[in-house]
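Coordinates from start-v2.cif are shown below (mmCIF, C-alpha atoms).
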data_work
loop_
_atom_site.label_atom_id
_atom_site.label_comp_id
_atom_site.auth_asym_id
_atom_site.auth_seq_id
_atom_site.Cartn_x
_atom_site.Cartn_y
_atom_site.Cartn_z
CA MET A 1 -19.17 11.24 13.17
CA SER A 2 -19.16 7.94 11.28
CA THR A 3 -18.24 4.62 12.84
CA ASN A 4 -15.21 2.67 11.68
CA LYS A 5 -16.19 0.51 8.71
CA TRP A 6 -13.42 -2.04 9.28
CA ASN A 7 -14.19 -2.77 12.91
CA PRO A 8 -14.42 -5.71 13.38
CA TYR A 9 -12.11 -6.79 10.53
CA VAL A 10 -10.80 -9.98 8.91
CA GLN A 11 -7.03 -10.42 8.64
CA LEU A 12 -5.45 -13.80 7.87
CA ARG A 13 -1.79 -14.81 7.93
CA GLY A 14 0.35 -17.85 7.22
CA GLU A 15 -1.45 -21.18 7.54
CA GLU A 16 -4.74 -19.38 8.23
CA THR A 17 -4.58 -18.00 4.69
CA LEU A 18 -4.06 -21.46 3.16
CA SER A 19 -6.94 -22.92 5.18
CA PHE A 20 -9.17 -20.09 4.05
CA PHE A 21 -8.23 -20.66 0.41
CA LYS A 22 -9.25 -24.31 0.70
CA THR A 23 -12.60 -23.65 2.33
CA HIS A 24 -13.62 -20.46 0.49
CA PHE A 25 -12.55 -21.22 -3.09
CA ASN A 26 -13.26 -24.95 -3.30
CA ASN A 27 -16.75 -24.02 -4.43
CA SER A 28 -17.99 -24.31 -8.01
CA ASN A 29 -19.95 -21.06 -7.63
CA LYS A 30 -16.81 -19.03 -7.01
CA LYS A 31 -15.08 -17.13 -9.81
CA LEU A 32 -11.93 -15.26 -8.90
CA LEU A 33 -10.17 -12.31 -10.51
CA PHE A 34 -6.56 -12.37 -9.34
CA ILE A 35 -4.63 -9.13 -9.98
CA LEU A 36 -0.86 -8.93 -9.65
CA GLY A 37 2.10 -6.97 -10.97
CA LYS A 38 4.81 -8.08 -13.37
CA GLY A 39 8.12 -7.26 -11.74
CA PHE A 40 11.54 -8.43 -10.61
CA ASP A 41 10.51 -9.09 -6.99
CA VAL A 42 11.05 -12.80 -6.26
CA ARG A 43 7.79 -12.81 -4.25
CA MET A 44 5.67 -12.01 -7.31
CA ASN A 45 4.09 -15.47 -7.64
CA ILE A 46 4.13 -16.74 -4.06
CA VAL A 47 0.49 -16.01 -3.27
CA ILE A 48 -0.97 -17.29 -6.54
CA ALA A 49 1.19 -20.43 -6.31
CA LYS A 50 -0.11 -21.17 -2.81
CA LEU A 51 -3.67 -20.46 -3.93
CA LEU A 52 -3.47 -22.86 -6.88
CA GLU A 53 -1.81 -25.48 -4.70
CA SER A 54 -4.68 -25.22 -2.21
CA CYS A 55 -7.43 -25.10 -4.89
CA PRO A 56 -6.25 -26.79 -8.12
CA ALA A 57 -9.72 -26.63 -9.69
CA ILE A 58 -10.40 -22.96 -8.89
CA ASN A 59 -12.19 -20.90 -11.55
CA ILE A 60 -9.66 -18.09 -11.93
CA GLN A 61 -8.81 -15.26 -14.30
CA CYS A 62 -5.48 -13.47 -13.87
CA LEU A 63 -4.98 -9.77 -14.61
CA LEU A 64 -1.27 -9.00 -14.96
CA ILE A 65 -0.26 -5.35 -14.64
CA GLU A 66 2.83 -4.48 -16.65
CA PHE A 67 4.44 -1.15 -15.81
CA ASN A 68 6.89 0.76 -17.93
CA GLU A 69 9.47 2.62 -15.85
CA GLY A 70 11.15 4.31 -18.83
CA ASP A 71 14.37 3.60 -20.71
CA SER A 72 16.60 5.07 -18.00
CA SER A 73 15.26 2.91 -15.17
CA HIS A 74 17.86 0.93 -13.25
CA SER A 75 15.29 -1.85 -12.93
CA HIS A 76 16.10 -2.96 -16.49
CA THR A 77 19.19 -4.54 -14.94
CA TYR A 78 16.87 -7.15 -13.44
CA LYS A 79 15.01 -8.09 -16.62
CA PRO A 80 16.16 -11.74 -16.25
CA LEU A 81 14.30 -11.86 -12.91
CA VAL A 82 11.19 -10.40 -14.54
CA ASP A 83 11.35 -12.97 -17.34
CA GLU A 84 11.85 -15.75 -14.80
CA ASN A 85 8.80 -14.61 -12.83
CA LEU A 86 6.67 -14.40 -15.99
CA THR A 87 7.68 -17.90 -17.06
CA GLU A 88 6.77 -19.21 -13.62
CA LEU A 89 3.37 -17.50 -13.72
CA THR A 90 2.59 -18.87 -17.19
CA THR A 91 3.55 -22.35 -16.04
CA LEU A 92 1.34 -22.05 -12.97
CA ILE A 93 -1.86 -20.81 -14.60
CA GLY A 94 -1.48 -21.03 -18.41
CA SER A 95 -1.23 -18.13 -20.81
CA SER A 96 -4.90 -18.36 -21.81
CA LYS A 97 -5.99 -17.28 -18.32
CA ILE A 98 -3.75 -14.20 -18.23
CA ILE A 99 -4.98 -10.79 -19.37
CA ARG A 100 -2.30 -8.11 -19.59
CA LYS A 101 -2.75 -4.39 -19.01
CA SER A 102 0.11 -1.93 -19.36
CA ILE A 103 0.67 1.40 -17.66
CA SER A 104 3.54 3.90 -17.55
CA LEU A 105 5.00 4.93 -14.22
CA PHE A 106 6.42 8.17 -15.67
CA ASN A 107 5.52 10.54 -18.47
CA ARG A 108 7.64 10.51 -21.61
CA ASP A 109 8.95 14.04 -21.17
CA THR A 110 12.52 13.41 -20.06
CA LYS A 111 13.08 17.12 -19.30
CA ASN A 112 10.19 17.24 -16.86
CA LYS A 113 9.89 13.72 -15.46
CA LYS A 114 6.69 13.20 -13.50
CA ARG A 115 5.14 10.12 -11.91
CA ILE A 116 1.83 9.21 -13.51
CA GLY A 117 1.59 5.57 -12.46
CA ASP A 118 -0.96 6.25 -9.71
CA ARG A 119 -3.22 8.13 -12.14
CA GLN A 120 -2.93 5.40 -14.79
CA ALA A 121 -3.54 2.68 -12.20
CA ALA A 122 -7.00 4.13 -11.57
CA THR A 123 -7.93 3.28 -15.18
CA ILE A 124 -7.02 -0.42 -14.93
CA ILE A 125 -10.49 -1.17 -13.55
CA LYS A 126 -12.86 1.40 -15.01
CA ASP A 127 -16.23 0.50 -13.53
CA PHE A 128 -18.39 -2.20 -11.94
CA SER A 129 -18.96 -3.99 -15.26
CA GLU A 130 -15.32 -5.15 -15.24
CA LEU A 131 -15.82 -6.82 -11.86
CA SER A 132 -19.42 -8.02 -12.06
CA ALA A 133 -18.56 -11.40 -13.61
CA PHE A 134 -16.57 -12.36 -10.50
CA THR A 135 -17.58 -13.37 -6.98
CA ASP A 136 -14.14 -12.52 -5.57
CA VAL A 137 -11.21 -10.24 -6.36
CA ILE A 138 -7.70 -10.58 -4.91
CA LEU A 139 -5.21 -7.79 -5.51
CA ASP A 140 -1.74 -9.10 -4.73
CA ILE A 141 0.61 -6.19 -3.98
CA SER A 142 3.80 -8.23 -3.52
CA ALA A 143 5.43 -6.97 -6.75
CA LEU A 144 3.50 -3.73 -7.33
CA PRO A 145 4.81 -0.19 -6.74
CA ARG A 146 3.18 1.62 -3.82
CA GLY A 147 1.54 4.32 -5.92
CA VAL A 148 0.03 1.79 -8.31
CA TYR A 149 -1.55 -0.52 -5.77
CA SER A 150 -2.69 2.36 -3.53
CA SER A 151 -4.59 4.03 -6.34
CA LEU A 152 -6.02 0.72 -7.54
CA ILE A 153 -7.22 -0.29 -4.07
CA GLY A 154 -8.92 3.09 -3.72
CA LYS A 155 -10.58 2.76 -7.11
CA ILE A 156 -11.90 -0.76 -6.44
CA LEU A 157 -13.20 0.21 -2.99
CA SER A 158 -15.02 3.19 -4.52
CA ILE A 159 -16.60 0.96 -7.17
CA LEU A 160 -17.70 -1.59 -4.58
CA ASP A 161 -19.18 1.16 -2.39
CA GLY A 162 -21.65 1.90 -5.20
CA GLU A 163 -25.24 0.79 -5.49
CA GLU A 164 -24.47 -1.71 -8.25
CA ASN A 165 -22.62 -3.88 -5.73
CA LYS A 166 -25.51 -4.15 -3.26
CA THR A 167 -27.42 -7.05 -4.86
CA MET A 168 -24.62 -9.63 -4.99
CA PRO A 169 -21.65 -8.08 -3.18
CA ILE A 170 -18.17 -8.97 -4.45
CA ASN A 171 -15.53 -10.07 -1.95
CA PHE A 172 -12.39 -7.95 -2.27
CA PHE A 173 -9.05 -8.92 -0.70
CA THR A 174 -5.50 -7.67 -0.78
CA SER A 175 -2.66 -10.14 -0.36
CA VAL A 176 1.07 -9.81 0.13
CA ALA A 177 4.05 -12.09 0.68
CA GLU A 178 5.76 -10.22 3.50
CA ASN A 179 9.49 -10.62 4.10
CA ALA A 180 11.35 -7.89 5.98
CA GLU A 181 14.74 -9.47 5.20
CA ILE A 182 14.12 -9.18 1.46
CA ASP A 183 12.85 -5.62 1.84
CA MET A 184 16.09 -4.62 3.56
CA LYS A 185 18.23 -6.25 0.86
CA VAL A 186 16.35 -4.64 -2.05
CA GLN A 187 17.83 -1.21 -1.48
CA GLY A 188 16.14 1.92 -2.73
CA TYR A 189 18.40 4.75 -3.81
CA GLY A 190 17.61 8.40 -4.29
CA SER A 191 14.18 9.89 -3.79
CA ASP A 192 11.68 11.55 -6.10
CA ASN A 193 11.74 15.31 -6.51
CA ASP A 194 8.31 15.38 -8.16
CA LEU A 195 5.90 15.07 -5.25
CA ASN A 196 2.14 15.16 -5.16
CA TYR A 197 -0.69 13.55 -3.25
CA LEU A 198 -1.64 10.12 -4.57
CA PHE A 199 -4.30 10.22 -7.25
CA GLY A 200 -7.68 9.76 -5.59
CA PHE A 201 -6.21 10.58 -2.17
CA GLY A 202 -5.75 14.33 -2.21
CA GLY A 203 -8.28 14.92 0.54
CA GLY A 204 -8.95 18.41 -0.80
CA ILE A 205 -5.78 19.54 0.96
CA GLU A 206 -4.38 21.55 -1.94
CA LEU A 207 -7.62 23.46 -2.56
CA SER A 208 -6.97 27.07 -1.60
CA ALA A 209 -10.23 27.36 0.33
CA GLU A 210 -9.12 24.56 2.68
CA ASN A 211 -5.63 25.82 3.45
CA GLU A 212 -6.86 27.66 6.51
CA LYS A 213 -7.51 24.39 8.30
CA PRO A 214 -4.65 23.06 10.45
CA ILE A 215 -2.68 20.18 8.91
CA ILE A 216 -1.82 17.12 11.04
CA TRP A 217 0.94 14.99 9.53
CA PHE A 218 1.28 11.27 10.28
CA PRO A 219 4.57 9.87 8.88
CA ILE A 220 5.00 6.10 9.36
CA LEU A 221 8.74 5.62 9.82
CA GLY A 222 10.85 2.98 8.09
CA GLU A 223 14.53 2.23 7.65
CA ASN A 224 16.75 4.31 5.33
CA LYS A 225 14.03 6.85 4.59
CA VAL A 226 15.21 10.00 6.36
CA GLU A 227 15.77 11.70 2.99
CA HIS A 228 12.23 10.74 1.93
CA PHE A 229 10.87 12.04 5.26
CA ASN A 230 12.61 15.41 4.80
CA LYS A 231 11.31 15.81 1.26
CA ALA A 232 7.73 15.11 2.34
CA PHE A 233 8.01 17.64 5.17
CA THR A 234 9.47 20.27 2.82
CA TYR A 235 6.62 19.67 0.34
CA ILE A 236 3.98 20.12 3.03
CA ILE A 237 5.43 23.36 4.38
CA SER A 238 5.90 24.76 0.87
CA SER A 239 2.23 24.34 0.02
CA GLN A 240 0.39 24.38 3.36
CA ASN A 241 2.86 26.07 5.73
CA ARG A 242 4.20 24.19 8.73
CA PRO A 243 1.97 21.33 9.93
CA TYR A 244 -0.01 22.23 13.04
CA GLU A 245 1.12 18.93 14.55
CA ILE A 246 3.41 16.07 13.54
CA CYS A 247 2.68 12.58 14.90
CA PRO A 248 5.45 10.14 13.91
CA ILE A 249 4.31 6.52 13.84
CA LEU A 250 6.59 3.65 14.80
CA PRO A 251 5.95 -0.04 13.97
CA PHE A 252 5.44 -1.80 17.30
CA PRO A 253 5.02 -4.62 18.18
CA ALA A 254 7.57 -5.77 15.58
CA LYS A 255 9.25 -9.09 14.78
CA ASN A 256 12.58 -7.41 15.50
CA LEU A 257 12.18 -6.26 19.11
CA ARG A 258 14.92 -3.65 18.67
CA ARG A 259 13.41 -2.13 15.53
CA VAL A 260 11.78 0.81 17.32
CA ASP A 261 15.02 1.66 19.12
CA SER A 262 16.94 1.57 15.84
CA LEU A 263 14.40 3.82 14.11
CA ILE A 264 14.44 6.36 16.93
CA ILE A 265 18.24 6.50 16.69
CA GLU A 266 18.08 6.88 12.89
CA TYR A 267 15.48 9.68 12.98
CA HIS A 268 16.60 11.31 16.24
CA LYS A 269 18.25 14.34 14.68
CA VAL A 270 15.35 15.26 12.39
CA LEU A 271 12.57 14.46 14.86
CA PHE A 272 13.90 15.87 18.11
CA ASP A 273 16.66 18.34 17.15
CA LYS A 274 15.16 19.84 13.98
CA LEU A 275 11.38 19.49 14.41
CA LEU A 276 11.30 19.42 18.23
CA ILE A 277 8.77 16.58 18.32
CA GLU A 278 7.47 15.82 21.81
CA SER A 279 7.47 12.18 22.89
CA LYS A 280 3.72 12.34 23.59
CA ASN A 281 3.13 12.83 19.85
CA ILE A 282 4.72 9.50 18.91
CA MET A 283 2.25 6.76 17.97
CA TYR A 284 2.72 3.00 17.72
CA VAL A 285 0.96 0.58 15.38
CA PRO A 286 1.51 -3.19 14.99
CA GLU A 287 4.06 -3.91 12.27
CA GLN A 288 1.96 -6.59 10.56
CA ASN A 289 -1.63 -5.49 11.10
CA PRO A 290 -2.96 -2.88 8.67
CA PHE A 291 -6.40 -2.84 10.30
CA GLU A 292 -5.00 -1.87 13.71
CA ALA A 293 -3.00 0.86 11.98
CA TYR A 294 -6.24 2.01 10.32
CA LEU A 295 -8.12 2.06 13.63
CA SER A 296 -5.39 4.04 15.39
CA LEU A 297 -5.14 6.56 12.56
CA ASN A 298 -8.91 6.88 12.19
CA ASN A 299 -9.56 7.51 15.85
CA THR A 300 -6.64 9.93 16.23
CA ILE A 301 -7.64 11.98 13.18
CA LYS A 302 -11.25 12.15 14.36
CA ASN A 303 -10.12 13.27 17.82
CA TYR A 304 -7.95 16.01 16.33
CA ASN A 305 -10.81 17.17 14.13
CA THR A 306 -13.11 17.40 17.15
CA SER A 307 -10.54 19.15 19.33
CA LEU A 308 -9.81 21.69 16.58
CA GLY A 309 -13.50 22.41 16.04
CA PRO A 310 -13.04 26.10 16.96
CA LEU A 311 -10.59 26.30 14.01
CA ASN A 312 -13.09 24.63 11.68
CA GLY A 313 -11.55 21.20 12.22
CA CYS A 314 -8.42 19.91 10.52
CA LYS A 315 -6.98 18.09 7.52
CA ALA A 316 -4.64 15.11 7.80
CA VAL A 317 -1.72 13.93 5.71
CA ILE A 318 -0.37 10.38 5.96
CA SER A 319 3.04 9.35 4.60
CA ASN A 320 4.15 5.73 4.67
CA PHE A 321 7.89 5.08 4.68
CA SER A 322 7.42 1.57 6.00
CA SER A 323 5.93 -1.76 4.83
CA LYS A 324 3.28 -2.57 2.24
CA LEU A 325 1.10 -4.06 4.98
CA LEU A 326 0.98 -0.77 6.86
CA SER A 327 0.27 1.11 3.66
CA ILE A 328 -3.03 -0.78 3.41
CA GLY A 329 -4.01 0.78 6.74
CA THR A 330 -3.25 4.27 5.43
CA ILE A 331 -5.35 3.63 2.30
CA LEU A 332 -8.35 2.48 4.36
CA THR A 333 -8.10 5.56 6.58
CA ALA A 334 -7.89 7.98 3.66
CA HIS A 335 -10.69 6.21 1.78
CA GLU A 336 -13.05 6.42 4.75
CA LEU A 337 -12.27 9.94 5.94
CA GLN A 338 -11.38 11.90 2.80
CA GLN A 339 -14.93 13.16 2.35
CA GLU A 340 -15.82 13.60 6.01
CA ILE A 341 -12.61 15.29 7.16
CA GLY A 342 -10.09 15.31 4.33
CA VAL A 343 -7.15 12.91 4.46
CA GLY A 344 -4.40 12.95 1.87
CA ILE A 345 -1.66 10.39 1.20
CA LEU A 346 1.76 11.85 0.43
CA ASN A 347 4.46 9.25 -0.18
CA VAL A 348 7.98 9.74 -1.52
CA ASP A 349 9.19 6.96 -3.80
CA SER A 350 12.78 5.94 -4.43
CA GLU A 351 14.25 6.71 -7.85
CA GLY A 352 15.29 3.09 -8.30
CA TYR A 353 16.28 -0.12 -6.55
CA LYS A 354 19.45 -2.15 -6.26
CA ILE A 355 19.97 -5.81 -5.33
CA ASN A 356 23.49 -6.61 -4.15
CA ASN A 357 23.08 -10.38 -4.08
CA ILE A 358 20.32 -11.92 -6.20
CA GLU A 359 20.98 -15.49 -5.04
CA GLU A 360 20.69 -14.40 -1.42
CA ILE A 361 17.30 -12.84 -2.20
CA LYS A 362 16.13 -16.04 -3.88
CA ASN A 363 17.19 -18.10 -0.88
CA LEU A 364 15.10 -15.89 1.40
CA LYS A 365 11.98 -16.28 -0.76
CA SER A 366 10.75 -19.41 1.06
CA GLN A 367 10.73 -17.52 4.37
CA SER A 368 8.06 -15.08 3.16
CA GLU A 369 4.79 -15.03 5.09
CA LEU A 370 1.36 -14.73 3.47
CA PHE A 371 -1.12 -12.08 4.59
CA LEU A 372 -4.68 -11.72 3.34
CA SER A 373 -6.73 -8.62 4.21
CA TRP A 374 -10.48 -8.85 3.54
CA LEU A 375 -11.56 -5.33 2.58
CA SER A 376 -15.09 -5.68 1.18
CA GLY A 377 -17.84 -8.26 0.88
CA ASP A 378 -19.50 -10.83 3.12
CA PRO A 379 -18.09 -9.86 6.58
CA TYR A 380 -19.10 -6.21 6.18
CA ASN A 381 -22.62 -6.60 4.83
CA ASP A 382 -25.57 -6.14 7.14
#

Can you turn what I pasted into structure tokens?
Amino acid sequence: MSTNKWNPYVQLRGEETLSFFKTHFNNSNKKLLFILGKGFDVRMNIVIAKLLESCPAINIQCLLIEFNEGDSSHSHTYKPLVDENLTELTTLIGSSKIIRKSISLFNRDTKNKKRIGDRQAATIIKDFSELSAFTDVILDISALPRGVYSSLIGKILSILDGEENKTMPINFFTSVAENAEIDMKVQGYGSDNDLNYLFGFGGGIELSAENEKPIIWFPILGENKVEHFNKAFTYIISSQNRPYEICPILPFPAKNLRRVDSLIIEYHKVLFDKLLIESKNIMYVPEQNPFEAYLSLNNTIKNYNTSLGPLNGCKAVISNFSSKLLSIGTILTAHELQQEIGVGILNVDSEGYKINNIEEIKNLKSQSELFLSWLSGDPYND
């Protein structure tokens, strides 16, 4: 059984991130590719603004991902916010340093609407040649949809795992401006009916030959996502029969000390009345540490696989209904174990988003906290 790749790990937050920017990137030998999404989220430019403030002379190229949500998307309501963010980015870095790549989140068949953003995201960076000119890559997920950044993180990690990256390894980071208050005020509505495992993270679960293995489901719970939870469960039982075991994951420790209690109340009916989950199956992972989430998931999945050896081991499914930070932990787990055991990521996205008070959101922007997760490069090379 393999050891955990990201143990020990490097996770920076707040002022630590700014100090790291100053020491790491104030070096003439560094060349950075900064990837971010074009969107209405007011946090879109926070990380790159702080980076440029810390390192005004940094050698940087910006890759801006533009995603088309279709003509019927409610997000078009917030086009003024998108335009405002784009103007701010252009002012910060200059248009000459911005390369744009466009993807579609949905197919164009309005009668049979399917999400394709995760599949298209995997083509944004095709191979090592598109990264080889850079010493460092930062993928900022603050304004990117979950399916897009998950697939892109997986693709970049796979590229950097290759032999071409051994001579002069590239440092790869993910960054996010975390703000739970903003997340709660940007309300998702509805949930997708078209479900599938994320592109690149199927874990071989849907292959008929593997269906005999028990399925262990790890849903990470978040607010206002009971409908999403139920749809994921229904999808799993329709294709793989009832999961052998369900291990709900709660974010703890959390900044809001009552968050776990509130989530247990919100999910009580489905967890304990409908699915009869035993309290011993509930797991806890730190709200703001993706690497600790990764370690907990990794070790638990490995233990299940060993215990179920007489049944030829198991497969695992992870669903994240919580924060972007915790989703990084799920991606690392699936990336490391999908070949060895088989780990799939099954998320359920909202159909759209609604902001009740835009000015209130803008006022909360300054309270966002920076997180930088170092996923590949210097700390992990022997």

_Which residues would end up in the selection if the PyMOL selection byres ((chain A and resi 101) around 7) were applied here, given that I need the answer as a count of residues only?_
7

Give me the residues within 9 Å of Phe40 of chain A as a short mmCIF file (atom, residue, chain, number, x, y, z; two decimals) with C-alpha atoms, in the frame of the given file, counting all atoms listed in the file and dropping any in the same chain fewer than 3 places off.
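Wrote part.cif, looks like this:
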data_model
loop_
_atom_site.label_atom_id
_atom_site.label_comp_id
_atom_site.auth_asym_id
_atom_site.auth_seq_id
_atom_site.Cartn_x
_atom_site.Cartn_y
_atom_site.Cartn_z
CA ARG A 43 7.79 -12.81 -4.25
CA MET A 44 5.67 -12.01 -7.31
CA SER A 75 15.29 -1.85 -12.93
CA TYR A 78 16.87 -7.15 -13.44
CA LYS A 79 15.01 -8.09 -16.62
CA PRO A 80 16.16 -11.74 -16.25
CA LEU A 81 14.30 -11.86 -12.91
CA VAL A 82 11.19 -10.40 -14.54
CA ASP A 83 11.35 -12.97 -17.34
CA GLU A 84 11.85 -15.75 -14.80
CA ASN A 85 8.80 -14.61 -12.83
CA ALA A 143 5.43 -6.97 -6.75
#

_Shell of 7 Å around Phe25 of chain A, all atoms listed in the file, local chain residues under 3 positions omitted, as a PyMOL selection string_ = chain A and resi 21-22+30+55+58

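Applied to this file, the PyMOL selection byres ((chain A and resi 104) around 8) selects Phe67, Asn68, Glu69, Gly70, Ser102, Ile103, Leu105, Phe106, Asn107, Ile116, Gly117 and Gln120 of chain A.
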
Write a file of the selected residues as a CSV table (one decimal), in the coordinates of the input, keeping C-alpha atoms.
chain,number,residue,atom,x,y,z
A,67,PHE,CA,4.4,-1.2,-15.8
A,68,ASN,CA,6.9,0.8,-17.9
A,69,GLU,CA,9.5,2.6,-15.8
A,70,GLY,CA,11.2,4.3,-18.8
A,102,SER,CA,0.1,-1.9,-19.4
A,103,ILE,CA,0.7,1.4,-17.7
A,105,LEU,CA,5.0,4.9,-14.2
A,106,PHE,CA,6.4,8.2,-15.7
A,107,ASN,CA,5.5,10.5,-18.5
A,116,ILE,CA,1.8,9.2,-13.5
A,117,GLY,CA,1.6,5.6,-12.5
A,120,GLN,CA,-2.9,5.4,-14.8

*Return as number ranges by chain the set of residues that the PyMOL selection byres ((chain A and resi 223) around 10) yields on the displayed structure.*
A: 183-184, 221-222, 224-226, 259, 262-263, 266-267, 321-323

_Quick one: residues within 7 Å of segment 294-306 of chain A, all atoms listed in the file, excluding same-chain residues fewer than 4 positions away - as a ChimeraX atom specification?_
/A:290,313-314,316,329-330,332-333

*Give me the residues within 12 Å of Pro8 of chain A as a PyMOL selection string, counting all atoms listed in the file and dropping any in the same chain fewer than 5 places off.*
chain A and resi 3+291-292+294-295+374-375+379-381

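Restricting the calculation to only C-alpha atoms, the smallest distance between Leu18 of chain A and any of A:Leu198, A:Ser175, A:Asp41, A:Ser319 is found for A:Ser175.
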
*Excluding Gln367 of chain A and any residue of its chain fewer than 3 positions from it, enumerate the residues within 10 Å of it, using all atoms listed in the file, and give them as a PyMOL selection string.*
chain A and resi 177-182+362-364+370

*How many Å separate atom CA of Ser132 of chain A from atom CA of Asn165 of chain A?*
8.2 Å

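Nearest residue to Leu157 of chain A, choosing from A:Val42, A:Ile331, A:Leu337, A:Ala57 and counting all atoms listed in the file: A:Ile331.
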
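Interatomic distance, atom CA of Asp127 of chain A against atom CA of Glu336 of chain A: 19.5 Å.
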
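Nearest residue to Cys247 of chain A among A:Phe218, A:Tyr9, A:Phe20, A:Phe229 is A:Phe218, counting only C-alpha atoms.
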
Within-12 Å shell of (13.9, 15.2, 15.8) in input frame, all atoms listed in the file, as a compact mmCIF listing (two decimals) with C-alpha atoms, in the frame of the given file:
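Just written: selection.txt:
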# COMPACT_ATOMS: atom_id res chain seq x y z
CA VAL A 226 15.21 10.00 6.36
CA PHE A 229 10.87 12.04 5.26
CA ASN A 230 12.61 15.41 4.80
CA ILE A 246 3.41 16.07 13.54
CA CYS A 247 2.68 12.58 14.90
CA PRO A 248 5.45 10.14 13.91
CA LEU A 263 14.40 3.82 14.11
CA ILE A 264 14.44 6.36 16.93
CA ILE A 265 18.24 6.50 16.69
CA GLU A 266 18.08 6.88 12.89
CA TYR A 267 15.48 9.68 12.98
CA HIS A 268 16.60 11.31 16.24
CA LYS A 269 18.25 14.34 14.68
CA VAL A 270 15.35 15.26 12.39
CA LEU A 271 12.57 14.46 14.86
CA PHE A 272 13.90 15.87 18.11
CA ASP A 273 16.66 18.34 17.15
CA LYS A 274 15.16 19.84 13.98
CA LEU A 275 11.38 19.49 14.41
CA LEU A 276 11.30 19.42 18.23
CA ILE A 277 8.77 16.58 18.32
CA GLU A 278 7.47 15.82 21.81
CA SER A 279 7.47 12.18 22.89
CA ASN A 281 3.13 12.83 19.85
CA ILE A 282 4.72 9.50 18.91

*Which residue gives the smallest distance to Thr135 of chain A among A:Gly342, A:Gly188, A:Gly377, A:Pro214, with only C-alpha atoms counted?*
A:Gly377

*Which residue out of A:Ser239, A:Asn4, A:Ser19, A:Asn171 has the minimum interatomic distance to Leu32 of chain A when all atoms listed in the file are used?*
A:Asn171

Give the padded box for segment 262-281 of chain A as AutoDock Vina command-line options: axis-aligned, covering all atoms listed in the file, 4 Å on each side, centre and edge lengths in Å to one decimal.
--center_x 10.7 --center_y 10.7 --center_z 18.0 --size_x 23.1 --size_y 26.3 --size_z 19.2
